[in-house]
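Peer 1: Input file: coords16.txt. Contents: compact mmCIF, C-alpha atoms.
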# COMPACT_ATOMS: atom_id res chain seq x y z
CA MET A 536 214.72 -46.54 -42.35
CA ASN A 537 217.42 -44.22 -43.66
CA ASP A 538 220.35 -46.51 -44.40
CA MET A 539 222.34 -43.96 -46.37
CA PHE A 540 223.64 -42.04 -43.35
CA THR A 541 224.20 -44.17 -40.26
CA ARG A 542 227.10 -42.21 -38.71
CA VAL A 543 227.20 -38.44 -39.07
CA LEU A 544 229.77 -35.78 -38.11
CA LEU A 545 228.53 -32.30 -37.14
CA ALA A 546 231.45 -29.89 -37.49
CA MET A 547 230.54 -27.07 -35.12
CA ASP A 548 232.43 -23.78 -34.99
CA LEU A 549 230.10 -22.60 -32.19
CA THR A 550 229.12 -19.41 -34.01
CA PRO A 551 225.35 -18.74 -34.14
CA LYS A 552 225.50 -19.87 -37.80
CA SER A 553 226.49 -23.41 -36.85
CA GLU A 554 223.32 -23.81 -34.76
CA ILE A 555 221.35 -24.33 -37.99
CA LEU A 556 223.12 -27.68 -38.36
CA LEU A 557 220.83 -29.36 -35.83
CA PRO A 558 217.56 -28.76 -37.74
CA CYS A 559 219.45 -29.74 -40.92
CA LEU A 560 220.47 -33.01 -39.29
CA TYR A 561 216.87 -33.73 -38.24
CA SER A 562 215.82 -33.24 -41.88
CA LEU A 563 218.55 -35.35 -43.49
CA CYS A 564 218.73 -38.07 -40.83
CA PRO A 565 215.17 -38.63 -39.58
CA ASP A 566 216.17 -42.10 -38.32
CA THR A 567 217.05 -41.57 -34.63
CA ASN A 568 219.31 -44.63 -34.72
CA THR A 569 221.79 -42.41 -36.59
CA GLU A 570 225.05 -42.13 -34.64
CA ILE A 571 226.14 -38.49 -34.21
CA ILE A 572 229.60 -37.10 -33.53
CA LEU A 573 229.83 -33.44 -32.52
CA ALA A 574 233.26 -31.99 -33.29
CA TYR A 575 234.94 -28.70 -32.48
CA VAL A 576 238.56 -28.04 -33.47
CA PHE A 577 240.78 -25.91 -31.20
CA ASP A 578 243.47 -23.80 -32.87
CA GLU A 579 246.11 -24.38 -30.19
CA GLU A 580 247.10 -27.35 -28.06
CA GLU A 581 246.87 -25.26 -24.87
CA GLU A 582 243.22 -24.44 -25.61
CA ALA A 583 242.44 -28.14 -25.87
CA ASP A 584 243.61 -28.78 -22.29
CA PRO A 585 240.61 -30.38 -20.52
CA TYR A 586 241.46 -28.46 -17.33
CA GLY A 587 241.60 -25.05 -19.05
CA SER A 588 238.77 -22.52 -19.05
CA SER A 589 238.43 -22.25 -22.85
CA TYR A 590 238.10 -26.04 -23.13
CA LYS A 591 235.47 -26.15 -20.39
CA LYS A 592 233.48 -23.38 -22.07
CA VAL A 593 233.53 -25.16 -25.46
CA TYR A 594 232.77 -28.57 -23.98
CA SER A 595 229.81 -27.15 -22.06
CA LYS A 596 228.34 -25.73 -25.32
CA LEU A 597 228.86 -29.02 -27.14
CA GLN A 598 227.28 -30.91 -24.24
CA GLY A 599 224.26 -28.60 -24.58
CA TYR A 600 223.89 -29.60 -28.24
CA ALA A 601 224.39 -33.27 -27.32
CA ASN A 602 221.61 -33.00 -24.72
CA GLU A 603 219.28 -31.45 -27.30
CA LEU A 604 220.00 -34.32 -29.72
CA VAL A 605 219.27 -36.87 -26.99
CA ARG A 606 216.00 -35.07 -26.16
CA ASN A 607 215.10 -35.45 -29.83
CA GLY A 608 215.59 -39.21 -29.65
CA TYR A 609 219.19 -39.61 -30.90
CA GLU A 610 220.85 -41.78 -28.27
CA ALA A 611 224.29 -42.41 -29.79
CA VAL A 612 225.90 -38.97 -29.45
CA SER A 613 229.61 -38.37 -28.80
CA ILE A 614 231.92 -35.34 -28.65
CA GLU A 615 235.35 -34.87 -30.26
CA THR A 616 237.59 -31.88 -29.46
CA PRO A 617 240.86 -32.20 -31.41
CA TRP A 618 243.27 -29.31 -31.99
CA GLY A 619 245.09 -28.29 -35.17
CA GLU A 620 244.19 -27.17 -38.68
CA VAL A 621 240.38 -27.24 -38.83
CA PHE A 622 240.10 -28.71 -42.31
CA GLU A 623 242.66 -31.46 -41.57
CA GLU A 624 241.14 -32.39 -38.22
CA ILE A 625 237.56 -32.53 -39.49
CA THR A 626 238.77 -34.76 -42.34
CA ARG A 627 240.76 -36.96 -39.94
CA VAL A 628 237.88 -37.39 -37.47
CA GLY A 629 235.54 -38.21 -40.36
CA ASP A 630 237.98 -40.83 -41.65
CA ASP A 631 238.76 -42.30 -38.21
CA LYS A 632 235.08 -42.64 -37.38
CA GLU A 633 234.18 -43.73 -40.93
CA VAL A 634 231.28 -41.28 -41.10
CA ASP A 635 228.76 -41.40 -43.95
CA LEU A 636 228.14 -37.65 -43.89
CA THR A 637 229.76 -34.47 -42.56
CA LEU A 638 227.66 -31.34 -41.93
CA VAL A 639 229.21 -27.86 -41.95
CA SER A 640 227.77 -24.36 -42.13
CA SER A 641 229.06 -21.77 -44.55
CA HIS A 642 228.73 -18.13 -43.66
CA GLY A 643 227.28 -16.72 -46.83
CA LYS A 644 228.88 -15.49 -50.00
CA GLY A 645 231.16 -12.95 -48.32
CA PHE A 646 232.70 -15.73 -46.26
CA PHE A 647 233.81 -17.52 -49.42
CA ARG A 648 234.74 -14.51 -51.49
CA SER A 649 236.95 -12.93 -48.85
CA ALA A 650 238.81 -16.12 -47.96
CA LEU A 651 238.42 -18.22 -51.05
CA LEU A 652 241.31 -20.60 -50.54
CA GLY A 653 241.48 -20.30 -46.79
CA SER A 654 237.88 -21.29 -46.27
CA THR A 655 237.57 -24.49 -44.26
CA THR A 656 234.20 -25.21 -45.84
CA PHE A 657 235.54 -24.84 -49.35
CA ASP A 658 238.63 -26.93 -48.56
CA LEU A 659 236.36 -29.67 -47.26
CA ALA A 660 234.15 -29.41 -50.32
CA ARG A 661 237.12 -29.70 -52.66
CA ALA A 662 239.02 -32.47 -50.92
CA SER A 663 236.59 -34.58 -48.91
CA LYS A 664 236.02 -38.08 -50.23
CA ARG A 665 232.92 -38.41 -48.06
CA PRO A 666 229.45 -36.91 -48.51
CA LEU A 667 229.42 -33.30 -47.31
CA PHE A 668 226.42 -31.14 -46.48
CA VAL A 669 226.96 -27.36 -46.58
CA ALA A 670 224.25 -25.34 -44.82
CA LYS A 671 224.08 -21.96 -46.48
CA THR A 672 223.23 -18.79 -44.64
CA ASP A 673 223.25 -15.45 -46.38
CA GLY A 674 225.36 -13.67 -43.81
CA ASP A 675 222.52 -11.43 -42.62
CA SER A 676 219.96 -13.91 -41.39
CA ASP A 677 220.39 -17.26 -39.71
CA ASP A 678 217.34 -18.82 -41.27
CA LEU A 679 218.22 -19.25 -44.93
CA ALA A 680 218.97 -22.94 -44.38
CA ASP A 681 215.60 -24.54 -45.02
CA ASP A 682 213.94 -26.23 -42.05
CA ASP A 683 212.82 -29.07 -44.24
CA LEU A 684 215.71 -29.84 -46.57
CA LEU A 685 213.74 -32.59 -48.29
CA ARG A 686 210.87 -30.27 -49.25
CA LYS A 687 212.16 -29.74 -52.79
CA LEU A 688 215.44 -31.25 -53.99
CA MET A 689 217.29 -30.16 -57.10
CA ILE A 690 219.43 -32.85 -58.73
CA PRO A 691 221.78 -31.78 -61.54
CA THR A 692 222.80 -34.67 -63.78
CA ASP A 693 224.90 -35.26 -66.88
CA PHE A 694 223.45 -38.83 -67.05
CA SER A 695 226.76 -40.46 -66.19
CA LYS A 696 226.42 -43.16 -63.53
CA LYS A 697 228.48 -40.97 -61.24
CA SER A 698 226.10 -38.04 -61.50
CA LEU A 699 223.14 -40.20 -60.49
CA VAL A 700 224.53 -41.15 -57.06
CA ALA A 701 222.02 -38.62 -55.64
CA LEU A 702 219.23 -41.01 -56.67
CA ASN A 703 220.42 -43.38 -53.93
CA LEU A 704 219.68 -40.61 -51.43
CA ILE A 705 216.13 -40.25 -52.71
CA ARG A 706 215.58 -43.99 -52.69
CA SER A 707 216.70 -44.26 -49.06
CA LEU A 708 214.70 -41.19 -47.95
CA ARG A 709 211.73 -41.60 -50.27
CA GLU A 710 209.18 -41.47 -47.46
CA HIS A 711 210.46 -37.99 -46.54
CA VAL A 712 211.20 -36.38 -49.94
CA ALA A 713 208.27 -34.27 -51.17
CA GLU A 714 209.47 -33.02 -54.55
CA VAL A 715 212.44 -33.35 -56.95
CA VAL A 716 213.57 -31.17 -59.85
CA PHE A 717 216.11 -32.77 -62.20
CA VAL A 718 218.26 -30.40 -64.23
CA HIS A 719 220.57 -30.93 -67.20
CA VAL A 720 222.60 -28.34 -69.11
CA VAL A 721 224.14 -28.94 -72.54
CA GLU A 722 227.42 -27.02 -72.36
CA ARG A 723 228.93 -28.04 -75.69
CA SER A 724 227.54 -28.90 -79.10
CA ARG A 725 229.10 -29.02 -82.56
CA ASN A 726 226.26 -27.24 -84.35
CA GLN A 727 222.55 -26.50 -84.14
CA ASP A 728 221.54 -30.04 -85.20
CA ASP A 729 223.84 -31.57 -82.59
CA LEU A 730 222.43 -29.22 -79.94
CA GLU A 731 218.83 -30.07 -80.79
CA SER A 732 219.63 -33.77 -80.75
CA LYS A 733 221.32 -33.47 -77.32
CA LEU A 734 218.39 -31.50 -75.90
CA LEU A 735 215.87 -34.05 -77.20
CA ASN A 736 217.91 -36.95 -75.85
CA ALA A 737 218.18 -35.21 -72.46
CA GLU A 738 214.43 -34.67 -72.32
CA SER A 739 213.66 -38.32 -72.98
CA ARG A 740 216.10 -39.42 -70.26
CA MET A 741 214.60 -36.87 -67.88
CA GLU A 742 211.12 -38.30 -68.53
CA GLU A 743 212.44 -41.68 -67.31
CA LEU A 744 213.81 -40.15 -64.09
CA VAL A 745 210.53 -38.30 -63.46
CA ALA A 746 208.58 -41.55 -64.04
CA GLU A 747 210.78 -43.36 -61.49
CA MET A 748 210.11 -40.65 -58.88
CA LYS A 749 206.38 -40.91 -59.48
CA LEU A 750 206.59 -44.65 -58.72
CA PHE A 751 207.93 -43.61 -55.31
CA GLY A 752 205.03 -41.20 -54.91
CA ILE A 753 207.33 -38.18 -55.24
CA LYS A 754 206.31 -35.13 -57.26
CA ALA A 755 208.94 -34.59 -59.97
CA SER A 756 209.78 -32.30 -62.87
CA TYR A 757 212.81 -31.42 -64.99
CA LEU A 758 214.58 -28.51 -66.66
CA VAL A 759 216.82 -28.83 -69.71
CA ASP A 760 218.71 -26.01 -71.43
CA LYS A 761 221.99 -25.01 -73.03
CA GLY A 762 224.58 -22.74 -71.44
CA ALA A 763 227.04 -22.69 -68.53
CA ALA A 764 225.95 -25.46 -66.17
CA SER A 765 226.86 -23.84 -62.85
CA LYS A 766 225.16 -20.53 -63.74
CA LYS A 767 221.98 -22.28 -64.87
CA ILE A 768 221.89 -24.48 -61.76
CA CYS A 769 222.28 -21.50 -59.41
CA ARG A 770 219.63 -19.49 -61.26
CA TRP A 771 217.17 -22.37 -61.46
CA ALA A 772 217.66 -23.15 -57.76
CA GLU A 773 216.47 -19.63 -56.94
CA GLU A 774 213.63 -19.61 -59.45
CA GLU A 775 212.36 -22.99 -58.27
CA ASN A 776 212.90 -22.07 -54.60
CA VAL A 777 214.53 -25.43 -53.87
CA SER A 778 215.38 -26.42 -50.30
CA MET A 779 218.62 -28.17 -51.26
CA ILE A 780 220.82 -29.02 -54.26
CA ALA A 781 222.10 -32.60 -54.16
CA MET A 782 224.90 -33.18 -56.64
CA THR A 783 227.83 -35.43 -57.29
CA LYS A 784 231.14 -33.62 -57.07
CA THR A 785 232.38 -35.12 -60.31
CA GLY A 786 230.69 -35.59 -63.64
CA ALA A 787 231.77 -37.53 -66.69
CA GLY A 788 235.13 -36.74 -68.19
CA LEU A 789 236.66 -35.16 -65.11
CA VAL A 790 240.45 -34.84 -64.92
CA LYS A 791 241.73 -37.88 -63.04
CA GLY A 792 242.88 -37.12 -59.51
CA LEU A 793 240.69 -34.05 -59.01
CA VAL A 794 238.01 -34.74 -56.44
CA MET A 795 235.80 -31.85 -57.45
CA GLY A 796 234.67 -30.84 -60.91
CA ALA A 797 234.39 -27.24 -62.04
CA THR A 798 230.57 -27.24 -62.07
CA ALA A 799 230.30 -28.52 -58.48
CA GLN A 800 233.01 -26.08 -57.40
CA ASN A 801 231.23 -23.09 -58.95
CA VAL A 802 227.84 -24.12 -57.53
CA THR A 803 229.40 -24.51 -54.06
CA LEU A 804 230.82 -21.01 -54.28
CA ASN A 805 227.89 -19.22 -55.87
CA SER A 806 224.66 -20.93 -54.88
CA GLU A 807 222.67 -19.45 -52.04
CA ARG A 808 220.95 -22.78 -51.43
CA SER A 809 222.17 -25.49 -49.07
CA LEU A 810 224.14 -28.23 -50.82
CA LEU A 811 224.68 -31.93 -50.43
CA LEU A 812 227.91 -32.85 -52.23
CA LEU A 813 228.30 -36.54 -52.92
CA PRO A 814 231.53 -38.27 -53.92
CA ALA A 815 231.28 -40.43 -57.00
CA ASP A 816 234.00 -42.93 -56.20
CA GLU A 817 231.51 -45.48 -54.92
CA VAL A 818 230.32 -45.95 -58.50
CA SER A 819 232.17 -47.60 -61.31
CA ASN A 820 231.75 -45.66 -64.51
CA ASP A 821 231.71 -48.51 -66.97
What would the structure in this file look like if it were written as structure tokens?
Peer 2:
Amino acid sequence: MNDMFTRVLLAMDLTPKSEILLPCLYSLCPDTNTEIILAYVFDEEEEADPYGSSYKKVYSKLQGYANELVRNGYEAVSIETPWGEVFEEITRVGDDKEVDLTLVSSHGKGFFRSALLGSTTFDLARASKRPLFVAKTDGDSDDLADDDLLRKLMIPTDFSKKSLVALNLIRSLREHVAEVVFVHVVERSRNQDDLESKLLNAESRMEELVAEMKLFGIKASYLVDKGAASKKICRWAEEENVSMIAMTKTGAGLVKGLVMGATAQNVTLNSERSLLLLPADEVSND
């Protein structure tokens, strides 16, 4: 039973790219008791008129997705068609319905680079207080999002309680997760001795995490290095060919009031792998 995600919002923009969200959902939410809300946001109030042709066209597409979900065993499927600013409406629907997870597709690097601040996906990533899954496509092919997202997870950690929220995901999906790679990057050290001490300490803590995974029957390994965390994470994700990066949006020592730390922000922008961004506010950092 997957009790981490019981109610899920699929934010569809009805481009071919957003179709990859369905296989992603099947991977992340294998429990067919999961309640699913399909949402499409109209730009204008007139377009959202149920008697208008553009509404009927959109609703028919959403109904097609709903039917596919039902055929796959998900019985609790509903459709939401608000109008307004996409980012605001997706956030509002997620809050109103108290969803445990929102799924969106990003349209490759160019999508972010050309509209950095205007990107709905990036706005959601920065501001959402709920778990957010970003399916990455590379802009040229629709199949970069891995069919089996739980094939090989990468979990960056700074060992703060907040950064280990992703472990809850593995615990709740342990029957489905095949492999995990933990990664830790030492970004600052006072001198060579301090660096070596931090690297050794990180390795011993990583051994504990790997041992816990093995108790669950999950293959696990770790990578530890010094450098810029986001660059290392993106590079390692490619080298290790991971299916998804699951990371907390905030690490230790984040500026109060900011929902997203710099490392998570940079990984969201630059990684070519799908991402699960988890809020850390459900954990007390004592």
Peer 1: Do a neighbour search on Ala574 in chain A at 10 Å with only C-alpha atoms, toss out local chain neighbours closer than 3 positions, and write the hits as number ranges by chain.
Peer 2: A: 544-549, 571, 577, 594, 597, 613-617, 624-625, 628-629
Peer 1: Measuring between all atoms listed in the file, which one of A:Met795, A:Leu688, A:Ile705, A:Ala755 shows the shortest distance to Asn776 in chain A?
Peer 2: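 The shortest atom-to-atom distance to Asn776 in chain A comes from A:Leu688.
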Peer 1: Between CA of Cys559 in chain A and CA of Leu684 in chain A, what is the distance in Å, rounded to a tenth?
Peer 2: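 Distance reported for this atom pair: 6.8 Å.
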Peer 1: Using all atoms listed in the file, what table do you get, as a tab-separated table, when you list each residue of range 627-745 of chain A with an atom no more than 8 Å from range 762-774 of chain A, its nearest pair of atoms, and their distance in Å rounded to one decimal, rows by chain then rising number?
Peer 2:
residue	atom	partner	partner_atom	distance
A:Met689	CA	A:Ala772	CA	7.1
A:Pro691	CA	A:Ile768	CA	7.3
A:Val718	CA	A:Ile768	CA	7.4
A:His719	CA	A:Ala764	CA	7.7
A:Val720	CA	A:Ala764	CA	5.3
A:Val721	CA	A:Gly762	CA	6.3
A:Glu722	CA	A:Gly762	CA	5.2
Peer 1: Set the distance at 6 Å and use all atoms listed in the file: which residues neighbour Thr783 in chain A once local chain neighbours fewer than 6 positions away are removed? I'd like the list as a ChimeraX atom specification.
Peer 2: /A:698,812-814
